[in-house]
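my_file-v4.cif (mmCIF, C-alpha atoms) appears below.
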```cif
data_data
loop_
_atom_site.label_atom_id
_atom_site.label_comp_id
_atom_site.auth_asym_id
_atom_site.auth_seq_id
_atom_site.Cartn_x
_atom_site.Cartn_y
_atom_site.Cartn_z
CA MET A 1 0.00 0.00 0.00
CA THR A 2 1.36 3.41 -0.92
CA VAL A 3 0.56 6.68 0.78
CA ASP A 4 2.11 9.82 -0.61
CA SER A 5 4.86 11.35 1.48
CA ILE A 6 4.06 14.77 2.88
CA LYS A 7 5.86 18.05 2.29
CA ASN A 8 5.07 20.05 5.42
CA GLY A 9 3.37 18.47 8.37
CA ILE A 10 3.53 15.79 11.06
CA VAL A 11 4.05 12.04 11.04
CA ILE A 12 3.02 10.22 14.20
CA ASP A 13 5.00 7.02 13.98
CA HIS A 14 5.43 3.81 15.99
CA ILE A 15 1.88 3.84 17.30
CA THR A 16 1.09 0.51 18.89
CA ALA A 17 -0.98 -1.44 16.34
CA HIS A 18 -4.73 -0.74 16.67
CA LYS A 19 -4.29 2.39 18.78
CA GLY A 20 -4.21 4.68 15.76
CA MET A 21 -7.94 5.23 15.57
CA LYS A 22 -8.11 6.16 19.25
CA ILE A 23 -5.40 8.78 18.74
CA TYR A 24 -7.13 10.01 15.58
CA GLU A 25 -10.27 10.58 17.64
CA LEU A 26 -8.56 12.11 20.68
CA LEU A 27 -6.68 14.61 18.49
CA ASN A 28 -9.97 15.46 16.70
CA LEU A 29 -8.29 14.90 13.34
CA ASP A 30 -11.69 14.49 11.66
CA ARG A 31 -12.14 18.26 12.11
CA LEU A 32 -8.94 19.14 10.27
CA ASN A 33 -9.12 20.73 6.80
CA ALA A 34 -6.08 18.89 5.49
CA SER A 35 -5.13 15.48 4.15
CA VAL A 36 -4.79 12.98 6.96
CA ALA A 37 -3.80 9.34 6.49
CA LEU A 38 -4.29 6.69 9.14
CA ILE A 39 -2.34 3.57 8.31
CA GLN A 40 -3.11 0.53 10.42
CA ASN A 41 -1.07 -2.63 10.87
CA ALA A 42 1.90 -1.45 8.85
CA PRO A 43 4.99 -3.70 9.09
CA SER A 44 7.44 -2.54 11.77
CA ARG A 45 11.00 -3.72 12.28
CA LYS A 46 10.80 -2.82 15.96
CA ASN A 47 7.39 -4.16 16.94
CA GLY A 48 6.18 -6.36 14.09
CA ARG A 49 3.14 -4.17 13.40
CA LYS A 50 2.41 -0.51 13.99
CA ASP A 51 -0.04 2.27 13.12
CA ILE A 52 1.03 5.55 11.53
CA ILE A 53 -0.78 8.87 11.15
CA LYS A 54 0.32 11.39 8.54
CA ILE A 55 -1.01 14.95 8.70
CA ASP A 56 -0.32 17.12 5.69
CA THR A 57 -0.30 20.51 7.41
CA ASP A 58 1.33 22.39 10.28
CA PHE A 59 -0.41 21.04 13.32
CA GLU A 60 0.22 21.67 17.02
CA VAL A 61 0.06 18.11 18.24
CA ASN A 62 -1.01 17.53 21.84
CA THR A 63 1.91 15.45 23.11
CA ASP A 64 0.16 14.94 26.49
CA ILE A 65 -2.55 12.95 24.78
CA LEU A 66 -0.04 10.95 22.76
CA GLY A 67 2.22 10.32 25.74
CA PHE A 68 -0.69 9.10 27.82
CA VAL A 69 -2.17 6.78 25.20
CA ASP A 70 1.10 5.40 23.90
CA PRO A 71 4.45 6.68 25.18
CA ASN A 72 6.33 4.62 22.54
CA ILE A 73 5.21 7.00 19.80
CA THR A 74 7.62 9.25 17.93
CA VAL A 75 6.46 12.48 16.37
CA ASN A 76 8.31 13.59 13.24
CA VAL A 77 8.02 17.17 12.06
CA ILE A 78 8.38 17.41 8.28
CA ARG A 79 9.54 20.53 6.41
CA GLU A 80 10.10 20.57 2.66
CA GLY A 81 9.78 16.80 2.63
CA LYS A 82 12.48 16.22 5.24
CA ILE A 83 12.36 15.30 8.91
CA VAL A 84 13.54 18.40 10.78
CA LYS A 85 12.57 17.30 14.30
CA LYS A 86 11.98 13.96 15.98
CA LYS A 87 10.18 13.99 19.32
CA THR A 88 10.07 11.00 21.64
CA LEU A 89 7.39 11.08 24.28
CA GLU A 90 7.14 10.55 27.99
CA LEU A 91 4.23 9.99 30.28
CA PRO A 92 2.91 13.49 30.95
CA GLU A 93 2.87 14.70 34.56
CA ARG A 94 -0.54 16.27 34.10
CA LEU A 95 -3.49 15.54 31.80
CA LYS A 96 -6.08 18.19 31.10
CA ASN A 97 -9.36 17.13 29.48
CA VAL A 98 -7.89 13.95 28.04
CA ILE A 99 -9.78 11.49 30.23
CA LYS A 100 -12.75 11.89 32.54
CA CYS A 101 -13.16 10.97 36.18
CA LYS A 102 -15.53 8.02 36.62
CA ASN A 103 -16.09 8.48 40.36
CA PRO A 104 -19.79 9.36 40.72
CA ARG A 105 -18.97 11.23 43.93
CA CYS A 106 -16.47 13.53 42.19
CA ILE A 107 -17.46 17.17 41.62
CA THR A 108 -16.43 16.84 37.95
CA CYS A 109 -19.27 14.34 37.43
CA THR A 110 -21.85 16.94 38.51
CA GLU A 111 -20.45 20.17 37.15
CA GLN A 112 -19.75 19.86 33.44
CA GLU A 113 -17.72 23.08 33.09
CA ILE A 114 -14.84 21.94 35.30
CA ASP A 115 -11.65 20.83 33.54
CA HIS A 116 -10.88 17.15 34.05
CA ILE A 117 -7.34 17.18 35.41
CA PHE A 118 -5.30 14.11 36.30
CA THR A 119 -1.79 13.96 37.73
CA LEU A 120 0.72 11.14 37.40
CA ALA A 121 0.79 9.42 40.80
CA ASP A 122 2.83 6.32 39.96
CA LYS A 123 5.05 6.43 36.89
CA GLU A 124 6.07 2.78 37.07
CA ASN A 125 2.50 1.48 37.05
CA ARG A 126 1.15 4.36 34.89
CA ILE A 127 -1.42 5.39 37.47
CA TYR A 128 -3.07 8.78 37.14
CA ARG A 129 -5.27 10.27 39.85
CA CYS A 130 -8.02 12.83 39.59
CA LEU A 131 -6.88 16.19 40.95
CA TYR A 132 -10.22 16.68 42.72
CA CYS A 133 -11.10 13.31 44.27
CA GLU A 134 -7.85 11.31 43.85
CA SER A 135 -9.62 8.40 42.17
CA ALA A 136 -7.40 6.42 39.84
CA ALA A 137 -8.10 6.77 36.13
CA LYS A 138 -9.63 3.64 34.67
CA MET B 139 -3.48 33.94 49.97
CA ARG B 140 -3.65 30.37 51.09
CA SER B 141 -6.37 27.75 51.49
CA LEU B 142 -6.50 24.40 53.26
CA ILE B 143 -7.98 21.61 51.19
CA ASP B 144 -5.84 18.64 52.17
CA ILE B 145 -4.03 18.17 55.48
CA LEU B 146 -0.79 17.45 53.61
CA GLU B 147 -0.70 21.04 52.41
CA LEU B 148 0.52 21.82 55.92
CA SER B 149 4.12 20.88 56.64
CA THR B 150 4.87 19.13 59.93
CA ALA B 151 6.42 22.39 61.13
CA GLU B 152 3.19 24.23 60.32
CA LEU B 153 1.13 21.55 62.06
CA GLU B 154 3.23 21.94 65.15
CA GLU B 155 2.91 25.72 64.89
CA LEU B 156 -0.91 25.35 64.84
CA VAL B 157 -0.76 23.03 67.85
CA ALA B 158 1.36 25.63 69.68
CA THR B 159 -1.10 28.42 68.80
CA ALA B 160 -4.03 26.27 69.98
CA GLU B 161 -2.24 25.55 73.25
CA ASP B 162 -1.68 29.28 73.69
CA ILE B 163 -5.36 30.00 73.02
CA ILE B 164 -6.32 27.39 75.64
CA ALA B 165 -3.93 28.99 78.13
CA ASP B 166 -5.04 32.58 77.49
CA PRO B 167 -8.24 32.88 75.41
CA GLN B 168 -8.62 36.57 76.23
CA LYS B 169 -5.44 37.35 74.31
CA TYR B 170 -7.19 36.18 71.12
CA ALA B 171 -10.67 37.59 71.76
CA HIS B 172 -10.30 40.51 69.32
CA LYS B 173 -7.84 39.14 66.79
CA CYS B 174 -10.52 38.89 64.09
CA ASP B 175 -12.54 42.00 64.89
CA GLY B 176 -14.25 43.17 61.70
CA LYS B 177 -13.55 39.90 59.84
CA LYS B 178 -16.24 37.61 58.47
CA LEU B 179 -16.28 33.84 58.03
CA ALA B 180 -18.70 32.34 55.49
CA THR B 181 -19.82 28.83 56.37
CA LEU B 182 -21.05 27.19 53.16
CA PHE B 183 -22.48 23.86 54.22
CA PHE B 184 -24.01 21.99 51.30
CA GLU B 185 -24.39 18.90 53.47
CA PRO B 186 -25.87 18.67 56.98
CA SER B 187 -23.42 19.08 59.84
CA THR B 188 -23.89 20.22 63.38
CA ARG B 189 -20.51 19.80 64.94
CA THR B 190 -18.20 21.14 62.26
CA ARG B 191 -20.32 24.14 61.36
CA LEU B 192 -20.93 25.15 64.98
CA SER B 193 -17.26 24.60 65.72
CA PHE B 194 -16.23 26.97 62.92
CA GLU B 195 -18.81 29.52 64.01
CA ALA B 196 -17.79 29.31 67.67
CA ALA B 197 -14.14 29.60 66.64
CA MET B 198 -14.78 32.78 64.64
CA TYR B 199 -16.94 34.35 67.37
CA GLU B 200 -14.29 33.63 69.99
CA LEU B 201 -11.77 35.46 67.81
CA GLY B 202 -14.07 38.50 67.72
CA GLY B 203 -15.21 37.93 64.12
CA ASN B 204 -18.62 37.42 62.55
CA VAL B 205 -20.21 34.58 60.64
CA LEU B 206 -22.59 34.32 57.69
CA GLY B 207 -23.64 31.35 55.62
CA PHE B 208 -26.08 28.51 55.13
CA SER B 209 -26.40 25.02 56.47
CA GLU B 210 -28.03 23.09 53.64
CA ALA B 211 -27.85 23.16 49.86
CA GLN B 212 -31.57 23.82 49.52
CA SER B 213 -31.20 27.26 51.08
CA SER B 214 -28.37 28.26 48.72
CA SER B 215 -28.25 29.24 45.07
CA THR B 216 -27.09 25.73 44.27
CA ALA B 217 -30.77 24.79 44.41
CA LYS B 218 -31.14 27.14 41.42
CA GLY B 219 -28.26 25.42 39.62
CA GLU B 220 -25.35 27.71 40.53
CA SER B 221 -21.89 26.18 40.16
CA VAL B 222 -19.43 25.85 43.03
CA ALA B 223 -17.06 28.20 41.17
CA ASP B 224 -19.68 30.95 40.92
CA THR B 225 -20.71 30.50 44.56
CA ALA B 226 -17.06 30.87 45.60
CA LYS B 227 -16.56 34.02 43.51
CA THR B 228 -19.77 35.54 44.89
CA VAL B 229 -19.10 34.74 48.53
CA SER B 230 -15.56 36.14 48.21
CA CYS B 231 -17.25 39.54 47.85
CA TYR B 232 -18.92 39.17 51.25
CA ALA B 233 -16.48 37.30 53.48
CA ASP B 234 -12.80 37.27 54.41
CA ILE B 235 -12.57 33.48 54.63
CA ILE B 236 -14.76 30.53 53.62
CA ALA B 237 -15.36 27.16 55.31
CA MET B 238 -17.03 24.77 52.87
CA ARG B 239 -18.60 21.35 53.31
CA HIS B 240 -19.87 19.64 50.19
CA PRO B 241 -21.07 16.11 49.42
CA LYS B 242 -19.06 16.01 46.18
CA GLU B 243 -15.38 15.16 46.42
CA GLY B 244 -13.14 17.97 45.24
CA ALA B 245 -15.77 20.73 45.53
CA PRO B 246 -13.74 22.78 48.06
CA LEU B 247 -10.73 22.57 45.75
CA VAL B 248 -12.85 23.97 42.93
CA ALA B 249 -13.97 26.72 45.31
CA SER B 250 -10.40 27.55 46.30
CA LEU B 251 -9.37 27.83 42.64
CA ASN B 252 -12.09 30.41 42.08
CA ALA B 253 -12.36 32.30 45.38
CA SER B 254 -10.34 35.41 46.12
CA VAL B 255 -10.28 34.62 49.85
CA PRO B 256 -8.91 31.55 51.69
CA VAL B 257 -11.09 28.43 51.54
CA ILE B 258 -11.07 25.76 54.25
CA ASN B 259 -12.28 22.29 53.33
CA ALA B 260 -14.79 21.39 56.04
CA GLY B 261 -15.35 17.93 54.52
CA ASP B 262 -15.85 16.84 50.91
CA GLY B 263 -17.83 13.62 50.58
CA GLY B 264 -15.80 10.59 51.61
CA HIS B 265 -12.57 12.29 50.59
CA ASN B 266 -10.90 14.69 53.04
CA HIS B 267 -11.69 16.45 56.29
CA PRO B 268 -8.50 18.28 57.29
CA THR B 269 -9.87 20.31 60.21
CA GLN B 270 -11.15 17.14 61.89
CA THR B 271 -7.59 15.89 61.55
CA LEU B 272 -6.35 19.04 63.23
CA ALA B 273 -8.73 18.26 66.12
CA ASP B 274 -7.48 14.67 66.22
CA LEU B 275 -3.85 15.78 66.20
CA LEU B 276 -4.27 18.27 69.04
CA THR B 277 -6.02 15.57 71.05
CA ILE B 278 -3.24 13.06 70.40
CA HIS B 279 -0.63 15.68 71.24
CA ARG B 280 -2.36 16.65 74.49
CA LYS B 281 -2.75 13.01 75.55
CA LYS B 282 0.53 11.52 74.34
CA GLY B 283 2.81 14.55 74.00
CA ARG B 284 4.06 13.27 70.63
CA PHE B 285 3.08 12.19 67.12
CA ASP B 286 5.81 9.56 66.68
CA ASN B 287 6.28 6.08 68.16
CA LEU B 288 2.58 5.27 68.29
CA THR B 289 0.46 2.24 67.44
CA VAL B 290 -2.76 3.65 66.05
CA GLY B 291 -5.82 1.43 65.56
CA LEU B 292 -8.43 2.71 63.11
CA CYS B 293 -11.72 0.88 63.37
CA GLY B 294 -14.99 0.79 61.41
CA ASP B 295 -15.59 2.33 58.02
CA LEU B 296 -12.12 2.80 56.60
CA LYS B 297 -13.37 2.94 53.02
CA PHE B 298 -15.54 6.05 53.13
CA GLY B 299 -14.21 7.46 56.42
CA ARG B 300 -12.60 10.68 55.26
CA THR B 301 -11.35 11.48 58.76
CA VAL B 302 -9.42 8.21 58.73
CA HIS B 303 -7.80 9.00 55.38
CA SER B 304 -6.69 12.45 56.50
CA LEU B 305 -5.40 11.22 59.88
CA ILE B 306 -3.33 8.47 58.26
CA ALA B 307 -1.87 10.97 55.80
CA ALA B 308 -0.91 13.34 58.61
CA LEU B 309 0.58 10.74 60.97
CA SER B 310 2.43 8.85 58.26
CA ARG B 311 4.96 11.69 58.17
CA TYR B 312 6.18 10.83 61.67
CA GLU B 313 8.71 8.20 62.72
CA ASN B 314 7.66 4.74 63.85
CA VAL B 315 3.90 5.10 63.57
CA ASN B 316 2.30 1.69 63.15
CA PHE B 317 -1.25 1.58 61.80
CA VAL B 318 -3.68 -1.22 62.62
CA LEU B 319 -6.64 -1.19 60.23
CA ILE B 320 -9.72 -2.88 61.69
CA SER B 321 -12.76 -3.10 59.43
CA PRO B 322 -15.20 -5.48 57.79
CA ARG B 323 -13.87 -6.69 54.43
CA GLU B 324 -16.38 -4.51 52.58
CA LEU B 325 -15.08 -1.33 54.21
CA VAL B 326 -11.31 -1.72 54.04
CA LEU B 327 -8.98 1.22 53.47
CA PRO B 328 -8.79 2.19 49.76
CA ASN B 329 -5.88 0.67 47.87
CA TYR B 330 -4.30 3.95 46.94
CA ILE B 331 -3.76 4.84 50.59
CA LYS B 332 -2.27 1.43 51.28
CA GLU B 333 -0.03 1.84 48.22
CA SER B 334 1.11 5.16 49.57
CA LEU B 335 1.93 3.64 52.99
CA LYS B 336 3.86 0.81 51.37
CA SER B 337 5.85 3.23 49.23
CA LYS B 338 6.93 5.07 52.39
CA ASN B 339 7.81 1.80 54.17
CA ILE B 340 5.21 2.46 56.85
CA THR B 341 4.02 -0.66 58.61
CA PHE B 342 0.33 -1.45 58.78
CA THR B 343 -1.74 -4.49 59.65
CA GLU B 344 -5.22 -5.27 58.40
CA THR B 345 -7.59 -7.29 60.54
CA THR B 346 -11.27 -7.84 61.23
CA ASP B 347 -10.63 -8.70 64.89
CA LEU B 348 -10.60 -5.66 67.19
CA GLN B 349 -10.28 -7.72 70.36
CA ALA B 350 -7.12 -9.52 69.33
CA ILE B 351 -5.12 -6.37 68.67
CA MET B 352 -6.54 -4.27 71.54
CA PRO B 353 -3.50 -4.74 73.86
CA ASP B 354 -1.14 -3.27 71.25
CA LEU B 355 -2.92 0.02 70.77
CA ASP B 356 -1.88 3.46 72.05
CA ILE B 357 -4.76 5.08 70.20
CA LEU B 358 -8.07 3.58 69.09
CA TYR B 359 -9.83 5.73 66.50
CA MET B 360 -13.43 4.54 66.17
CA THR B 361 -15.63 5.59 63.25
CA ARG B 362 -19.28 5.43 62.35
CA VAL B 363 -20.52 3.48 59.34
CA GLN B 364 -22.07 6.40 57.49
CA ARG B 365 -25.49 5.82 55.97
CA GLU B 366 -25.05 8.76 53.57
CA ARG B 367 -22.05 7.11 51.86
CA PHE B 368 -24.02 4.05 50.73
CA PHE B 369 -25.99 3.83 47.51
CA ASN B 370 -27.56 0.64 48.83
CA GLU B 371 -29.54 0.70 52.11
CA GLU B 372 -29.31 -3.08 52.58
CA GLU B 373 -25.54 -2.97 52.46
CA TYR B 374 -25.55 -0.21 55.10
CA LEU B 375 -27.85 -2.15 57.43
CA ARG B 376 -25.71 -5.27 57.10
CA LEU B 377 -22.49 -3.44 58.05
CA LYS B 378 -23.54 -0.73 60.48
CA ASP B 379 -23.12 -2.78 63.64
CA SER B 380 -19.81 -4.41 62.70
CA TYR B 381 -17.94 -2.95 65.69
CA ILE B 382 -19.47 -1.77 68.93
CA LEU B 383 -17.05 -0.79 71.67
CA THR B 384 -18.25 -1.71 75.16
CA PRO B 385 -16.47 -1.55 78.55
CA GLU B 386 -16.01 -5.35 78.47
CA LYS B 387 -14.01 -5.10 75.24
CA LEU B 388 -11.48 -2.81 76.92
CA TYR B 389 -10.46 -5.44 79.51
CA ASN B 390 -7.11 -6.09 77.79
CA ALA B 391 -6.48 -2.51 76.59
CA LYS B 392 -3.59 -0.37 77.81
CA THR B 393 -4.37 1.81 80.80
CA ASP B 394 -3.21 4.87 78.86
CA LEU B 395 -5.10 4.02 75.67
CA SER B 396 -6.75 7.07 74.09
CA ILE B 397 -10.15 6.41 72.47
CA LEU B 398 -10.98 8.90 69.75
CA HIS B 399 -14.04 9.26 67.53
CA PRO B 400 -14.79 12.11 65.10
CA LEU B 401 -18.46 12.04 66.18
CA PRO B 402 -21.37 11.91 65.77
CA ARG B 403 -21.60 8.37 67.03
CA VAL B 404 -24.61 6.17 66.55
CA ASN B 405 -23.97 3.11 68.65
CA GLU B 406 -20.37 2.17 67.89
CA ILE B 407 -19.16 3.37 71.30
CA SER B 408 -21.32 2.41 74.26
CA VAL B 409 -22.36 5.39 76.41
CA ALA B 410 -20.93 3.49 79.39
CA ILE B 411 -17.44 4.25 78.05
CA ASP B 412 -17.97 8.02 78.26
CA SER B 413 -16.95 8.06 81.92
CA ASP B 414 -13.80 6.00 81.27
CA PRO B 415 -10.77 8.31 81.53
CA ARG B 416 -9.50 6.82 78.27
CA ALA B 417 -12.45 8.29 76.34
CA CYS B 418 -11.22 11.42 74.54
CA TYR B 419 -13.94 12.10 71.97
CA PHE B 420 -15.51 15.04 73.73
CA ASP B 421 -12.04 16.52 74.27
CA GLN B 422 -11.66 16.21 70.50
CA VAL B 423 -14.73 18.39 69.96
CA LEU B 424 -13.28 21.16 72.10
CA ASN B 425 -9.83 20.75 70.59
CA GLY B 426 -11.40 21.06 67.14
CA LYS B 427 -12.62 24.54 67.98
CA TYR B 428 -9.18 25.62 69.21
CA MET B 429 -7.45 24.25 66.12
CA ARG B 430 -9.98 25.96 63.83
CA MET B 431 -9.25 29.21 65.68
CA ALA B 432 -5.53 28.66 65.12
CA LEU B 433 -6.13 27.86 61.44
CA ILE B 434 -8.33 30.90 60.82
CA LEU B 435 -5.63 33.10 62.37
CA LYS B 436 -2.98 31.51 60.18
CA LEU B 437 -4.92 31.74 56.91
CA LEU B 438 -6.00 35.32 57.62
CA GLU B 439 -2.39 36.05 58.54
CA VAL B 440 -3.58 37.73 61.70
CA CYS B 441 -0.78 36.40 63.86
#
```
As structure tokens - that is how I would like this structure written.
Amino acid sequence: MTVDSIKNGIVIDHITAHKGMKIYELLNLDRLNASVALIQNAPSRKNGRKDIIKIDTDFEVNTDILGFVDPNITVNVIREGKIVKKKTLELPERLKNVIKCKNPRCITCTEQEIDHIFTLADKENRIYRCLYCESAAK
Amino acid sequence: MRSLIDILELSTAELEELVATAEDIIADPQKYAHKCDGKKLATLFFEPSTRTRLSFEAAMYELGGNVLGFSEAQSSSTAKGESVADTAKTVSCYADIIAMRHPKEGAPLVASLNASVPVINAGDGGHNHPTQTLADLLTIHRKKGRFDNLTVGLCGDLKFGRTVHSLIAALSRYENVNFVLISPRELVLPNYIKESLKSKNITFTETTDLQAIMPDLDILYMTRVQRERFFNEEEYLRLKDSYILTPEKLYNAKTDLSILHPLPRVNEISVAIDSDPRACYFDQVLNGKYMRMALILKLLEVC
């Protein structure tokens, strides 16, 4: 399968296979007025299979979302057809409006206007806790 | 400007400073009688409470200040659909400091992020209750003279008992504090608190048998199984009488045991224990007022 290479934009590479669609949705790429390619199950030397997203425009990618969903991802910034920057990701310390608190007793479940904020409580086990009620993200 | 939402926002040095201020108030209340002249405390109680609200009000009056507020959500603008953030912004225009109780966890934090005056968390659902912890700590300090080298039994509802969570957090910063967690299996301490204790290498034991561990305890912190925390009435009825402390059950307890309870009690401590010198729960009530006075002074930067 061939997908045209892009001139100026972003390539989100090394996405764990089958997580591409989730990232596509979380980044709201369906709202973008540019060519976007989601490639699923592409062969990968590192992991066997991977997903890739190519975005054919300048796009401020939310690395918190990417780092939370899949910290193995690399983000390549393309200018004039060449990779000018390669970003590796880490688990973000703080997540804002990426996930929602599921605790029915939490104030964020009653008041819709409040930002859903989670902080990284345990890096090793990837546990995030709600800023307001301290419930673990599920 | 500073608020108090979680007990851990106070360093151990600040906790000890509050204890010292409270002790000074006890020794010479007249010295503090006009410290808050002209200041107003707003008590925003979205959930019923007698003790905590009256304690805050008494504390402010004894400092020479005034109090305004409400004691149930139905008499506030929340009944009209106002958000916590808007309530906090509005009340900041009327008062110098806010004490808020709310059934939803995190509501006082939301208030503190939006208020332009200090906010004190007076209890948020089953989450935190830092000023009760201040009362507990002053009581422990007055009875034991220390916060370290203690075996502390916590008994009853450890799952939803916010006072238990806050007290564990506060005491776990001191050396050689050993926690004994006594509860029915359905109401054990949440995992995240146990994880936190393990990560700090703090020893704790979990048991369902209060009698067996009684001789080890320096402090026994009893709690009520709270009806309002259950979605299921049957579950509440099944668990509410899990532990009832009677004089007979204290036969093997230490003579200098301190029995604490955040109150109100239902039946988990027999009235016959009230006259036992080891019963400290009414001292706690009084100590709570002194610590709230000390806290108001600190947050208003009065002294």
**OP:** Write out as a PyMOL selection string which residues come within 9 Å of stretch 269-275 of chain B when counting all atoms listed in the file, dropping same-chain ones fewer than 2 positions away.
**Re:** chain B and resi 142+145+153+156-157+190+258-261+267+277-280+285+301-302+304-305+308-309+398-400+421-430+433
Subject >> Residues selected by the PyMOL selection byres ((chain B) within 8 of (chain A)), written as number ranges by chain >> reply: B: 221, 241-245, 247-248, 263, 265
Written file, previous selection with C-alpha atoms, as a JSON list (two decimals), in the coordinates of the input:
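Contents of the output file out.json:
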```json
[["chain", "number", "residue", "atom", "x", "y", "z"],
["B", 221, "SER", "CA", -21.89, 26.18, 40.16],
["B", 241, "PRO", "CA", -21.07, 16.11, 49.42],
["B", 242, "LYS", "CA", -19.06, 16.01, 46.18],
["B", 243, "GLU", "CA", -15.38, 15.16, 46.42],
["B", 244, "GLY", "CA", -13.14, 17.97, 45.24],
["B", 245, "ALA", "CA", -15.77, 20.73, 45.53],
["B", 247, "LEU", "CA", -10.73, 22.57, 45.75],
["B", 248, "VAL", "CA", -12.85, 23.97, 42.93],
["B", 263, "GLY", "CA", -17.83, 13.62, 50.58],
["B", 265, "HIS", "CA", -12.57, 12.29, 50.59]]
```
Original post:
By how many Å are atom CA of A:Lys7 and atom CA of A:Glu60 apart?
Top reply: 16.2 Å
Subject >> atom CA of A:Val69 to atom CA of A:Ile23, distance in Å rounded to a single decimal >> reply: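 Result for atom CA of A:Val69 versus atom CA of A:Ile23: 7.5 Å, one decimal.
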**OP:** Name the residues in contact with A:Ala137 at a cut-off of 8 Å, using only C-alpha atoms, excluding same-chain residues fewer than 3 positions from it; report them as an MDAnalysis selection string.
**Re:** chainID A and resid 99:102 118 127:130
Store the residues picked out above, limited to C-alpha atoms, as a short mmCIF file (atom, residue, chain, number, x, y, z; two decimals), in the coordinates of the input.
```cif
data_model
loop_
_atom_site.label_atom_id
_atom_site.label_comp_id
_atom_site.auth_asym_id
_atom_site.auth_seq_id
_atom_site.Cartn_x
_atom_site.Cartn_y
_atom_site.Cartn_z
CA ILE A 99 -9.78 11.49 30.23
CA LYS A 100 -12.75 11.89 32.54
CA CYS A 101 -13.16 10.97 36.18
CA LYS A 102 -15.53 8.02 36.62
CA PHE A 118 -5.30 14.11 36.30
CA ILE A 127 -1.42 5.39 37.47
CA TYR A 128 -3.07 8.78 37.14
CA ARG A 129 -5.27 10.27 39.85
CA CYS A 130 -8.02 12.83 39.59
#
```
Subject >> Selection under test: the PyMOL selection byres ((chain A and resi 19) around 12); residues as an MDAnalysis selection string >> reply: chainID A and resid 12:18 20:26 38:41 49:53 66 68:73
**OP:** Quick one: everything within 7 Å of stretch 223-234 of chain B, counting only C-alpha atoms, minus sequence neighbours fewer than 6 positions away in the same chain. Send it as a ChimeraX atom specification.
**Re:** /B:177-180,248-249,252-255
**OP:** Considering all atoms listed in the file, return as a list in words whatever protein or nucleic-acid residues lie within 9 Å of B:Ala410, sequence-local ones (same chain, fewer than 3 positions apart) excluded.
**Re:**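 Residues near the query, excluding close chain neighbours: Thr384, Pro385, Ile407, Ser413 and Asp414 of chain B.
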Go ahead and write the residues just picked, C-alpha atoms, as a short mmCIF file (atom, residue, chain, number, x, y, z; two decimals), in the frame of the given file.
```
data_model
loop_
_atom_site.label_atom_id
_atom_site.label_comp_id
_atom_site.auth_asym_id
_atom_site.auth_seq_id
_atom_site.Cartn_x
_atom_site.Cartn_y
_atom_site.Cartn_z
CA THR B 384 -18.25 -1.71 75.16
CA PRO B 385 -16.47 -1.55 78.55
CA ILE B 407 -19.16 3.37 71.30
CA SER B 413 -16.95 8.06 81.92
CA ASP B 414 -13.80 6.00 81.27
#
```
Just say which residues the PyMOL selection byres ((chain B and resi 316) around 8) picks in this file, as a PDB file with C-alpha atoms, keeping the file's coordinate frame.
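The file below, part20.pdb, is the result:
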```
ATOM      1  CA  ASN B 287       6.280   6.080  68.160  1.00  0.00           C
ATOM      2  CA  LEU B 288       2.580   5.270  68.290  1.00  0.00           C
ATOM      3  CA  THR B 289       0.460   2.240  67.440  1.00  0.00           C
ATOM      4  CA  VAL B 290      -2.760   3.650  66.050  1.00  0.00           C
ATOM      5  CA  ASN B 314       7.660   4.740  63.850  1.00  0.00           C
ATOM      6  CA  VAL B 315       3.900   5.100  63.570  1.00  0.00           C
ATOM      7  CA  PHE B 317      -1.250   1.580  61.800  1.00  0.00           C
ATOM      8  CA  VAL B 318      -3.680  -1.220  62.620  1.00  0.00           C
ATOM      9  CA  ILE B 340       5.210   2.460  56.850  1.00  0.00           C
ATOM     10  CA  THR B 341       4.020  -0.660  58.610  1.00  0.00           C
ATOM     11  CA  PHE B 342       0.330  -1.450  58.780  1.00  0.00           C
TER      12      PHE B 342
END
```
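Reported to one decimal place, the separation of atom CA of B:Leu383 from atom CA of B:Arg362 is 11.4 Å.
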Subject >> Pick from B:Ser334, B:Gln168, B:Ser250, B:Thr181, whichever lies nearest to B:Leu206 using only C-alpha atoms >> reply: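 Counting only C-alpha atoms, the residue closest to B:Leu206 is B:Thr181.
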Original post:
Which is closest to B:Lys338 among B:Arg140, B:Arg311, B:Glu147, B:Lys297, if we use all atoms listed in the file?
Top reply: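 Using all atoms listed in the file, the shortest distance to B:Lys338 belongs to B:Arg311.
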**OP:** For a cut-off of 12 Å around (-1.2, 14.8, 7.1), file coordinates, pick out all residues using all atoms listed in the file and list them as a VMD selection string.
**Re:** chain A and resid 3 to 12 24 29 to 30 32 to 39 52 to 59 61 76 to 78
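Ranking A:Ala42, A:Ile83, A:Ile117, A:Val75 by their shortest atom-to-atom distance to A:Thr63, with all atoms listed in the file included, puts A:Val75 first.
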**OP:** Can you work out which one of B:Ser310, B:Thr150, B:Ser209, B:Asn266 has the shortest atom-to-atom distance to B:Ser337, counting all atoms listed in the file?
**Re:**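 The shortest atom-to-atom distance to B:Ser337 comes from B:Ser310.
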**OP:** Using all atoms listed in the file, give me every residue within 12 Å of (-22.8, 21.5, 63.7) in file coordinates, as a ChimeraX atom specification.
**Re:** /B:181,183,185-196,208-210,239,260,401-402,423,426-427
**OP:** Within 6 Å of B:Pro353, counting all atoms listed in the file, which residues show up once you throw out same-chain ones fewer than 6 positions away? Write them as an MDAnalysis selection string, please.
**Re:** chainID B and resid 390:392
